[in-house]
>>> print(open('model_18.txt').read())   # compact mmCIF, C-alpha atoms
# COMPACT_ATOMS: atom_id res chain seq x y z
CA MET A 1 0.00 0.00 0.00
CA TRP A 2 2.76 2.43 0.96
CA GLU A 3 4.50 1.64 -2.32
CA LEU A 4 1.37 2.67 -4.25
CA VAL A 5 1.17 5.92 -2.30
CA GLN A 6 4.78 6.71 -3.17
CA LYS A 7 4.17 5.91 -6.85
CA GLY A 8 1.18 8.26 -6.82
CA GLY A 9 3.40 11.30 -6.36
CA PRO A 10 3.15 14.34 -4.07
CA MET A 11 -0.53 15.06 -4.81
CA VAL A 12 -1.52 11.75 -3.23
CA TYR A 13 -0.09 12.94 0.10
CA LEU A 14 -2.33 16.02 -0.04
CA ILE A 15 -5.30 13.84 -0.93
CA ILE A 16 -4.55 11.54 2.03
CA ILE A 17 -4.36 14.55 4.39
CA SER A 18 -7.70 15.76 2.97
CA SER A 19 -9.25 12.35 3.56
CA ILE A 20 -8.11 12.27 7.18
CA LEU A 21 -9.55 15.74 7.73
CA ALA A 22 -12.83 14.74 6.06
CA PHE A 23 -13.08 11.59 8.17
CA GLY A 24 -12.54 13.59 11.36
CA VAL A 25 -15.22 16.12 10.39
CA VAL A 26 -17.72 13.36 9.52
CA ILE A 27 -17.19 11.60 12.87
CA GLU A 28 -17.50 14.88 14.80
CA ARG A 29 -20.65 15.98 12.93
CA VAL A 30 -22.38 12.59 13.19
CA TYR A 31 -21.68 12.50 16.93
CA ASN A 32 -22.90 16.05 17.57
CA LEU A 33 -25.96 15.84 15.33
CA ASN A 34 -27.02 12.57 16.96
CA LYS A 35 -26.56 14.19 20.35
CA ALA A 36 -28.72 17.13 19.25
CA ARG A 37 -31.58 14.92 18.03
CA ILE A 38 -34.53 14.41 20.35
CA ASP A 39 -38.12 13.24 19.93
CA ALA A 40 -39.49 16.70 19.19
CA SER A 41 -43.18 15.78 19.34
CA LYS A 42 -42.86 14.09 22.75
CA PHE A 43 -40.77 16.99 24.07
CA MET A 44 -43.34 19.52 22.85
CA ASP A 45 -46.23 17.50 24.33
CA ASP A 46 -44.46 17.50 27.70
CA ILE A 47 -43.71 21.24 27.47
CA VAL A 48 -47.30 22.09 26.47
CA ASN A 49 -48.67 20.02 29.38
CA ILE A 50 -46.35 21.83 31.80
CA LEU A 51 -47.24 25.24 30.37
CA LYS A 52 -50.99 24.49 30.53
CA ARG A 53 -50.54 24.14 34.28
CA ASN A 54 -48.70 27.49 34.21
CA LYS A 55 -45.46 25.99 35.61
CA ILE A 56 -42.99 28.20 33.75
CA ILE A 57 -39.96 27.39 35.92
CA GLU A 58 -40.55 23.65 35.50
CA ALA A 59 -40.74 24.11 31.70
CA ILE A 60 -37.46 26.08 31.72
CA GLU A 61 -35.81 23.38 33.85
CA MET A 62 -37.00 20.74 31.38
CA CYS A 63 -35.48 22.76 28.53
CA ASN A 64 -32.21 23.06 30.46
CA ALA A 65 -32.15 19.29 31.05
CA THR A 66 -32.83 18.48 27.39
CA PRO A 67 -29.88 18.65 24.99
CA GLY A 68 -30.10 20.09 21.51
CA PRO A 69 -31.26 23.14 19.61
CA ILE A 70 -35.01 22.49 19.93
CA ALA A 71 -34.87 22.83 23.70
CA HIS A 72 -32.78 26.01 23.37
CA ILE A 73 -35.20 27.79 21.07
CA ILE A 74 -38.24 26.70 23.11
CA LYS A 75 -36.55 28.00 26.24
CA ALA A 76 -35.99 31.36 24.53
CA GLY A 77 -39.72 31.54 23.80
CA ILE A 78 -40.75 30.46 27.31
CA LEU A 79 -38.50 33.10 28.86
CA LYS A 80 -40.62 35.70 27.01
CA HIS A 81 -43.93 34.09 28.09
CA ASP A 82 -45.24 37.35 29.55
CA ARG A 83 -44.68 39.29 26.31
CA SER A 84 -46.72 39.65 23.14
CA LYS A 85 -46.82 36.95 20.45
CA PRO A 86 -44.57 38.92 18.06
CA GLU A 87 -41.95 39.35 20.81
CA ILE A 88 -42.07 35.63 21.61
CA ARG A 89 -41.77 34.80 17.90
CA GLU A 90 -38.80 37.18 17.58
CA ALA A 91 -37.04 35.60 20.58
CA VAL A 92 -37.53 32.12 19.10
CA GLU A 93 -36.27 33.25 15.67
CA GLU A 94 -33.17 34.86 17.20
CA ALA A 95 -32.41 31.67 19.13
CA ALA A 96 -32.86 29.62 15.95
CA GLN A 97 -30.46 31.91 14.07
CA LEU A 98 -27.83 31.12 16.70
CA GLU A 99 -28.48 27.36 16.59
CA ILE A 100 -28.41 26.81 12.81
CA PRO A 101 -24.73 27.81 12.37
CA ARG A 102 -23.83 25.40 15.18
CA LEU A 103 -25.59 22.59 13.33
CA GLU A 104 -23.84 23.48 10.07
CA LYS A 105 -20.42 23.79 11.70
CA HIS A 106 -17.58 22.28 9.59
CA LEU A 107 -19.91 21.28 6.73
CA PRO A 108 -18.19 23.77 4.38
CA VAL A 109 -14.91 21.93 5.07
CA LEU A 110 -16.48 18.69 3.82
CA ALA A 111 -17.90 20.40 0.73
CA THR A 112 -14.49 21.89 -0.03
CA ILE A 113 -12.72 18.54 0.31
CA ALA A 114 -15.33 16.84 -1.88
CA HIS A 115 -14.69 19.46 -4.56
CA ILE A 116 -10.90 19.75 -4.39
CA ALA A 117 -9.98 16.06 -4.03
CA PRO A 118 -10.68 15.27 -7.71
CA LEU A 119 -8.87 18.46 -8.69
CA LEU A 120 -5.82 17.39 -6.67
CA GLY A 121 -6.07 14.02 -8.45
CA LEU A 122 -6.20 15.85 -11.76
CA VAL A 123 -3.08 17.83 -10.87
CA GLY A 124 -1.37 14.51 -10.04
CA THR A 125 -2.53 13.15 -13.38
CA VAL A 126 -1.06 16.11 -15.22
CA THR A 127 2.28 15.91 -13.38
CA GLY A 128 2.44 12.16 -14.09
CA MET A 129 1.81 12.72 -17.79
CA ILE A 130 4.43 15.50 -17.85
CA LYS A 131 6.96 13.03 -16.42
CA SER A 132 6.08 10.50 -19.12
CA PHE A 133 6.49 13.07 -21.89
CA GLN A 134 9.80 14.25 -20.39
CA VAL A 135 11.06 10.67 -20.64
CA ILE A 136 9.93 10.52 -24.29
CA GLN A 137 11.66 13.83 -25.04
CA GLN A 138 14.91 12.79 -23.31
CA LYS A 139 14.96 9.45 -25.15
CA ALA A 140 14.16 11.12 -28.48
CA SER A 141 16.91 13.74 -28.11
CA ALA A 142 19.40 10.99 -27.22
CA MET A 143 18.19 8.97 -30.22
CA VAL A 144 17.33 6.05 -27.93
CA PRO A 145 14.14 4.05 -28.54
CA VAL A 146 11.42 4.56 -25.94
CA ASN A 147 10.65 1.50 -23.89
CA PRO A 148 7.12 1.23 -22.43
CA GLY A 149 8.72 0.54 -19.05
CA ASP A 150 10.34 3.98 -19.20
CA LEU A 151 6.89 5.59 -19.27
CA ALA A 152 5.40 3.43 -16.53
CA GLY A 153 6.44 5.69 -13.62
CA GLY A 154 4.64 8.73 -14.97
CA ILE A 155 1.57 6.73 -15.98
CA TRP A 156 1.45 5.10 -12.53
CA GLU A 157 1.54 8.53 -10.93
CA ALA A 158 -1.20 9.82 -13.22
CA LEU A 159 -3.57 6.91 -12.63
CA LEU A 160 -2.98 6.60 -8.89
CA ALA A 161 -3.50 10.33 -8.32
CA THR A 162 -6.79 10.21 -10.22
CA LEU A 163 -7.91 7.14 -8.30
CA ALA A 164 -6.98 8.67 -4.93
CA GLY A 165 -8.79 11.92 -5.71
CA LEU A 166 -12.00 10.15 -6.71
CA ALA A 167 -11.75 7.65 -3.83
CA VAL A 168 -11.75 10.57 -1.38
CA ALA A 169 -14.23 12.83 -3.18
CA ILE A 170 -17.07 10.34 -3.67
CA PRO A 171 -17.53 9.20 -0.03
CA THR A 172 -16.90 12.73 1.23
CA TYR A 173 -19.64 14.09 -1.02
CA VAL A 174 -22.04 11.33 0.08
CA ALA A 175 -21.25 12.07 3.75
CA TYR A 176 -21.73 15.81 3.14
CA ASN A 177 -25.17 15.26 1.60
CA TYR A 178 -26.17 12.93 4.44
CA LEU A 179 -25.11 15.47 7.06
CA VAL A 180 -26.89 18.31 5.25
CA SER A 181 -30.09 16.25 5.24
CA GLN A 182 -29.68 15.61 8.99
CA VAL A 183 -29.27 19.35 9.60
CA ASP A 184 -32.34 20.07 7.44
CA ASN A 185 -34.37 17.56 9.48
CA LEU A 186 -33.28 19.22 12.73
CA VAL A 187 -34.10 22.67 11.36
CA TYR A 188 -37.55 21.41 10.31
CA ASP A 189 -38.10 20.02 13.83
CA MET A 190 -36.99 23.36 15.28
CA GLU A 191 -39.42 25.28 13.05
CA THR A 192 -42.29 22.92 13.84
CA SER A 193 -41.61 23.13 17.57
CA ALA A 194 -41.36 26.93 17.43
CA THR A 195 -44.72 27.09 15.63
CA ASP A 196 -46.29 24.77 18.22
CA LEU A 197 -45.00 26.98 21.02
>>> encode(input="model_18.txt", output="structure tokens")
Amino acid sequence: MWELVQKGGPMVYLIIISSILAFGVVIERVYNLNKARIDASKFMDDIVNILKRNKIIEAIEMCNATPGPIAHIIKAGILKHDRSKPEIREAVEEAAQLEIPRLEKHLPVLATIAHIAPLLGLVGTVTGMIKSFQVIQQKASAMVPVNPGDLAGGIWEALLATLAGLAVAIPTYVAYNYLVSQVDNLVYDMETSATDL
């Protein structure tokens, strides 16, 4: 395996670093998004039952004990319970605007890696082909016949760099889309819960 990495040229090292970074971001995002997910309908039923009994402090304590963005935005609305509906709505919207960037944290890094990994592979392909053509030129100027084995190093580099770039880009892009859909689901739950409140 290490021999293939070395034959792939310097771009493969950058692609490997990108893949490690992407893997770390995926693990961190999956962990944090799973931690942020709650059963929104059950949580809202419990909050509504508490609020119907006019137990504001108990509702706030329940929000504090519940992890995730839904509890945070509901708490913001409950804290303004004695205000008008527009003021409550504004407090909930402000809280949501703070929560959404936290949910989307590091996702641009994944999108960037998914886009640049094939480009890094392409650069490796070009450098590998340049090496092959340099060998052809050197052999031609020395009036020596070109042996296919002489070109193999550059072609290896070209193909391995392309393979590495695509091997990193495809799963990274799939992971990015999965995480974006998870964030969208959480945002939808937040909006639904805010409307219920």
>>> closest_residue(input="model_18.txt", among="A:Leu107, A:Ala167, A:Leu33, A:Ile74", to="Leu51 in chain A", atoms="all atoms listed in the file")
A:Ile74
>>> residues_around(input="model_18.txt", residues="Arg29 in chain A", least_positions_apart="6", cutoff="8 Å", atoms="only C-alpha atoms", output="PyMOL selection string")
chain A and resi 105-106+179
>>> residues_around(input="model_18.txt", residues="Leu119 in chain A", least_positions_apart="4", cutoff="9 Å", atoms="all atoms listed in the file", output="JSON, numbers by chain")
{"A": [115, 123, 124, 162, 165]}
>>> write_last_selection(input="model_18.txt", atoms="C-alpha atoms", output="compact mmCIF listing (two decimals), in the coordinates of the input")
# COMPACT_ATOMS: atom_id res chain seq x y z
CA HIS A 115 -14.69 19.46 -4.56
CA VAL A 123 -3.08 17.83 -10.87
CA GLY A 124 -1.37 14.51 -10.04
CA THR A 162 -6.79 10.21 -10.22
CA GLY A 165 -8.79 11.92 -5.71
>>> atom_distance(input="model_18.txt", atom1="CA of Lys35 in chain A", atom2="CA of Ala175 in chain A")
17.6 Å
>>> residues_around(input="model_18.txt", residues="Phe23 in chain A", least_positions_apart="2", cutoff="10 Å", atoms="only C-alpha atoms", output="tab-separated table (two decimals) with C-alpha atoms, in the frame of the given file")
chain	number	residue	atom	x	y	z
A	17	ILE	CA	-4.36	14.55	4.39
A	18	SER	CA	-7.70	15.76	2.97
A	19	SER	CA	-9.25	12.35	3.56
A	20	ILE	CA	-8.11	12.27	7.18
A	21	LEU	CA	-9.55	15.74	7.73
A	25	VAL	CA	-15.22	16.12	10.39
A	26	VAL	CA	-17.72	13.36	9.52
A	27	ILE	CA	-17.19	11.60	12.87
A	28	GLU	CA	-17.50	14.88	14.80
A	29	ARG	CA	-20.65	15.98	12.93
A	110	LEU	CA	-16.48	18.69	3.82
A	168	VAL	CA	-11.75	10.57	-1.38
A	171	PRO	CA	-17.53	9.20	-0.03
A	172	THR	CA	-16.90	12.73	1.23
A	175	ALA	CA	-21.25	12.07	3.75
>>> residues_near_point(input="model_18.txt", point="(-44.3, 25.1, 32.7)", cutoff="7 Å", atoms="all atoms listed in the file", output="ChimeraX atom specification")
/A:47,50-51,53-60
>>> residues_around(input="model_18.txt", residues="Ser41 in chain A", least_positions_apart="2", cutoff="10 Å", atoms="all atoms listed in the file", output="JSON list (two decimals) with C-alpha atoms, keeping the file's coordinate frame")
[["chain", "number", "residue", "atom", "x", "y", "z"],
["A", 38, "ILE", "CA", -34.53, 14.41, 20.35],
["A", 39, "ASP", "CA", -38.12, 13.24, 19.93],
["A", 43, "PHE", "CA", -40.77, 16.99, 24.07],
["A", 44, "MET", "CA", -43.34, 19.52, 22.85],
["A", 45, "ASP", "CA", -46.23, 17.50, 24.33],
["A", 46, "ASP", "CA", -44.46, 17.50, 27.70],
["A", 47, "ILE", "CA", -43.71, 21.24, 27.47],
["A", 189, "ASP", "CA", -38.10, 20.02, 13.83],
["A", 192, "THR", "CA", -42.29, 22.92, 13.84],
["A", 193, "SER", "CA", -41.61, 23.13, 17.57],
["A", 196, "ASP", "CA", -46.29, 24.77, 18.22]]
>>> residues_near_point(input="model_18.txt", point="(-2.5, 9.9, -7.4)", cutoff="6 Å", atoms="only C-alpha atoms", output="ChimeraX atom specification")
/A:8,12,121,124,157-158,160-162,164
>>> write_last_selection(input="model_18.txt", atoms="C-alpha atoms", output="mmCIF file, in the coordinates of the input")
data_model
loop_
_atom_site.group_PDB
_atom_site.id
_atom_site.type_symbol
_atom_site.label_atom_id
_atom_site.label_comp_id
_atom_site.auth_asym_id
_atom_site.auth_seq_id
_atom_site.Cartn_x
_atom_site.Cartn_y
_atom_site.Cartn_z
ATOM 1 C CA GLY A 8 1.180 8.260 -6.820
ATOM 2 C CA VAL A 12 -1.520 11.750 -3.230
ATOM 3 C CA GLY A 121 -6.070 14.020 -8.450
ATOM 4 C CA GLY A 124 -1.370 14.510 -10.040
ATOM 5 C CA GLU A 157 1.540 8.530 -10.930
ATOM 6 C CA ALA A 158 -1.200 9.820 -13.220
ATOM 7 C CA LEU A 160 -2.980 6.600 -8.890
ATOM 8 C CA ALA A 161 -3.500 10.330 -8.320
ATOM 9 C CA THR A 162 -6.790 10.210 -10.220
ATOM 10 C CA ALA A 164 -6.980 8.670 -4.930
#
>>> closest_residue(input="model_18.txt", among="A:Leu79, A:Ile73, A:Leu120, A:Ala152", to="Val135 in chain A", atoms="only C-alpha atoms")
A:Ala152
>>> closest_residue(input="model_18.txt", among="A:Leu159, A:Leu103, A:Ala194, A:Val146", to="Arg89 in chain A", atoms="only C-alpha atoms")
A:Ala194
>>> atom_distance(input="model_18.txt", atom1="CA of Ile116 in chain A", atom2="CA of Asp184 in chain A")
24.5 Å
>>> atom_distance(input="model_18.txt", atom1="CA of Ser141 in chain A", atom2="CA of Ile155 in chain A")
20.8 Å
>>> closest_residue(input="model_18.txt", among="A:Lys80, A:Gln97, A:Ala117, A:Arg102", to="Leu163 in chain A", atoms="all atoms listed in the file")
A:Ala117
>>> closest_residue(input="model_18.txt", among="A:Ile170, A:Val183, A:Ala91, A:Val126", to="Gly68 in chain A", atoms="only C-alpha atoms")
A:Val183
>>> closest_residue(input="model_18.txt", among="A:Leu14, A:Gln138, A:Ile130, A:Lys75", to="Ile113 in chain A", atoms="all atoms listed in the file")
A:Leu14
>>> axis_aligned_box(input="model_18.txt", around="range 182-186 of chain A", padding_each_side="5 Å", output="AutoDock Vina command-line options")
--center_x -31.8 --center_y 17.8 --center_z 10.1 --size_x 15.1 --size_y 14.5 --size_z 15.3
